[in-house]
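Q: What follows is a single structure, and I will ask about it in a moment.
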Amino acid sequence: MIAIETLTYNPYKENTLILYNAQNECIIVDPGMHNKQEEQHFLSFISNKGLKPVLLLNTHCHVDHVLGNKFVYDNFGLMAQFHEGEIPVLLEVQNYAPQMGFNYDAAPIAEQFLSDKDIINFGDETLEVVLAPGHSPAHLCFYSAKHHFLIGGDVLFRNSIGRTDLPGGNHSQLLQSIKERIYSLPDNTTVYPGHGPTTTIGFEKTSNPFIQG
């Protein structure tokens with residue numbers, strides 16, 4: 001069993017995801033808390049559910065997805081796992097976050113990184129790492145074939161796709177990632193995106209106006 005809770009934070013309405021299993025262990029994906037109120041809301045959810053955070057994942061390292069990394073590290077001792085190709089993106093956050101009005105404290109960077117097709121063990125469950133660049137240079141998604149879901153970050157949204165006008169973005173690469181790495185998954189796969197509501201692979205194949213052919 002894997003349950004998924006979506007907590008939406010910061011001015012960009014970023015979806016912070018909490019995945020938890022029958023043993024009450026949890027994975028935190030893309031913590032976006034940006035003020036004390038949101039941090040307390042996040043802690044209250046963890047506490048009220050009796051969860052034990054065991055892993056912190058970043059799909060990618062744009063500011064709205066990493067604002068809570070330091071808070072998670074300070075409270076639970078977890079360093080974010082992401083693709084090594086996102087390090088330049090993460091380091092740049094320190095430079096532009098203040099201009100966007102964010103109080104950003106950098107978290108330590110782990111020495112271990114995730115790569116395409118890695119398997120993440122989570123109690124009795126597993127997640128497969130899917131490399132899907134384009135929105136950012138080394139964007140990752142996390143896939144559960146058993147439970148038919150994809151943690152999609154900012155690759156594919158309901159009736160939309162991730163923006164590619166940010167540094168490191170590449171529109172043709174993003175379209176290729178979606179066609180080859182995301183649309184190759186079963187149609188009944190539920191996608192949990194980094195912003196907005198969930199969707200499915202099958203729905204997007206028939207309705208998403210940005211992906212043709």
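If you're wondering about the labels, chains in the structure tokens are A, B, ... by order shown, residues count from 1 in each chain, ligands from 1 in order shown.
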Residues at most 12 Å from A:Ile178, counting only C-alpha atoms, excluding those fewer than 3 positions away in the same chain, as an MDAnalysis selection string?
A: chainID A and resid 130:135 139:141 152 154:157 160:162 171:175 181:185 201 204:205 208 210:213
Q: Go through A:His62, A:Glu125, A:Thr189, A:Ala138 and flag the residue nearest A:Asn95, using only C-alpha atoms for the distances.
A: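 The shortest atom-to-atom distance to A:Asn95 comes from A:His62.
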Q: Got a sec: who's within 12 Å of A:Met33, counting only C-alpha atoms, leaving out chain neighbours fewer than 2 positions off, as number ranges by chain?
A: A: 7-17, 28-31, 35-43, 63-72, 102-105
Q: Assign secondary structure with DSSP using the backbone only, and return the residues of stretch 11-114 of chain A in strand (DSSP E) as a list in words.
A: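 Across stretch 11-114 of chain A, those assigned strand (DSSP E) are Glu14, Asn15, Thr16, Leu17, Ile18, Leu19, Tyr20, Asn21, Glu25, Cys26, Ile27, Ile28, Val29, Lys52, Pro53, Val54, Leu55, Leu56 and Leu57 of chain A.
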Q: Between A:Gly202, A:Gly168, A:Pro53, A:Gly77, which is the closest to A:Gly123 once you count only C-alpha atoms?
A: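 Of A:Gly202, A:Gly168, A:Pro53, A:Gly77, the one nearest A:Gly123, counting only C-alpha atoms, is A:Pro53.
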Q: Skipping near chain neighbours, those fewer than 4 positions away, what residues fall within 10 Å of A:Lys117 using only C-alpha atoms, listed as number ranges by chain?
A: A: 127-131, 142-143
Q: Using DSSP assignments from the backbone, pull out every residue in stretch 49-121 of chain A that falls under alpha helix (DSSP H) and give it to me as a list in words.
A: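 Answer for stretch 49-121 of chain A restricted to alpha helix (DSSP H) is Lys49, Val63, Asp64, His65, Val66, Asn69, Lys70, Phe71, Val72, Tyr73, Asp74, Asn75, Phe76, Ile87, Pro88, Val89, Leu90, Leu91, Glu92, Val93, Gln94, Asn95 and Tyr96 of chain A.
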Q: Go through A:Tyr96, A:Phe45, A:Phe82, A:Tyr192 one by one, measure the shortest atom-to-atom distance of each to A:Gly153 using only C-alpha atoms, and give the residue with the smallest value.
A: A:Tyr192
Q: Rank A:Ala107, A:Asn58, A:Ile46, A:His195 by their smallest atom-to-atom distance to A:Arg163, using only C-alpha atoms, and report the top residue only.
A: A:His195
